[in-house]
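**Student:** Before I ask anything, let me first share the structure, which is written out below as C-alpha cells.
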Amino acid sequence: MPDQTVTVTFDPSATPQFTFTPDPVRMTAAGKIILNRAGGSSWTFTAMTITSNDGQFGSPNVNPGGTNIQVQDACSLKNDYCYTVTVSLNGNSTTSPDPTIVNDPPSP
C-alpha cells in the first residue's frame with residue numbers, strides 16, 4: 001500500500017503515554033507515511049527519527065502547525081524499522097518509545 005496514515009495520541013499522565021494506530025504501519029510500495037496528531041490534542045510534533053542506514057527514508061517534514069509529520073518511504077527493501085517521535089506540550093518535550101514501520105515490497 002502506498003501512503004499510510006498513523007494516528008498518534010499523547011497523554012503525559014496516561015500509561016502508555018503514546019499510542020500509534022496502526023502499529024506497525026505496513027508499507028507494500030513506495031509512498032508517504034503520514035503521522036497525524038489525534039483530534040482535540042494541544043501538543044505538537046517537533047521531530048521524527050527512523051532507525052535506518054539503508055536509504056529507505058527521506059527527511060521527515062513537520063508541518064508548520066506541528067499537527068502532522070510526513071516522511072517518504074522508498075519501500076524497496078523488505079525490513080522492519082523502529083521510529084520515534086518527539087512532541088512538545090506546554091514547553092516540555094517528550095520522545096515516544098519505538099513503534100515500527102514494516103516494509104514489505106513485492107518480490108521481484
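Labels used: A, B, ... for chains in the order of the C-alpha cells, numbers from 1 for residues in each chain, and numbers from 1 for ligands as shown.
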Name the residues in contact with A:Gly66 at a cut-off of 8 Å, using only C-alpha atoms, excluding same-chain residues fewer than 6 positions from it; report them as a PyMOL selection string.

**Tutor:** chain A and resi 44-46

**Student:** Taking C-alpha atoms for each residue, export the selection above as a tab-separated table (two decimals), in the first residue's frame.

**Tutor:**
```tsv
chain	number	residue	atom	x	y	z
A	44	THR	CA	2.73	19.49	18.64
A	45	PHE	CA	5.13	17.25	16.75
A	46	THR	CA	8.71	18.56	16.75
```

**Student:** Pick out the residues sitting within 6 Å of A:Leu89, and hand them over as number ranges by chain; count only C-alpha atoms, and ignore anything fewer than 2 positions along from it in its own chain.

**Tutor:** A: 43, 91-92

**Student:** Once DSSP has gone over the backbone, tell me which residues of stretch 21-91 of chain A are in strand (DSSP E), as an NGL selection string.

**Tutor:** :A and (21 or 25-27 or 31-37 or 44-50 or 61-62 or 68-73 or 79-89)

**Student:** Near A:Gly58, within 12 Å and counting only C-alpha atoms, which residues show up once chain neighbours fewer than 2 positions away are dropped, as a short mmCIF file (atom, residue, chain, number, x, y, z; two decimals) with C-alpha atoms, in the first residue's frame?

**Tutor:**
```
data_model
loop_
_atom_site.label_atom_id
_atom_site.label_comp_id
_atom_site.auth_asym_id
_atom_site.auth_seq_id
_atom_site.Cartn_x
_atom_site.Cartn_y
_atom_site.Cartn_z
CA ALA A 30 6.79 3.43 -2.18
CA GLY A 31 4.80 6.25 -0.63
CA LYS A 32 4.45 8.60 2.29
CA ILE A 33 3.92 7.75 5.93
CA MET A 48 10.79 12.10 13.97
CA THR A 49 13.76 9.72 13.94
CA ILE A 50 13.83 6.46 11.99
CA SER A 52 17.63 3.11 9.19
CA ASN A 53 21.00 3.13 7.47
CA ASP A 54 19.87 1.81 4.11
CA GLY A 55 18.45 4.94 2.44
CA GLN A 56 14.80 3.87 2.54
CA PRO A 60 10.78 13.81 7.94
CA ASN A 61 8.83 17.03 7.40
CA ILE A 69 4.76 14.70 10.13
CA GLN A 70 5.29 13.19 6.69
CA VAL A 71 8.19 11.04 5.53
CA GLN A 72 8.80 9.42 2.14
CA ASP A 73 9.47 5.65 2.18
CA ALA A 74 11.12 4.08 -0.88
CA CYS A 75 9.93 0.63 0.30
#
```

**Student:** Which residue is closest to A:Gly65? Choose from A:Asp11, A:Ala29, A:Pro22, A:Arg37 and count only C-alpha atoms.

**Tutor:** A:Arg37

**Student:** Measuring between only C-alpha atoms, which one of A:Thr5, A:Thr95, A:Asn90, A:Thr28 shows the shortest distance to A:Leu77?

**Tutor:** A:Thr28

**Student:** Quick one: residues within 7 Å of A:Pro99, only C-alpha atoms, excluding same-chain residues fewer than 6 positions away - as a ChimeraX atom specification?

**Tutor:** /A:23-24,82-84

**Student:** With distances taken over only C-alpha atoms, which residue among A:Gln4, A:Thr9, A:Ser76, A:Gln17 lies nearest A:Thr94?

**Tutor:**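 Residue with the minimum atom-to-atom distance to A:Thr94: A:Gln17.
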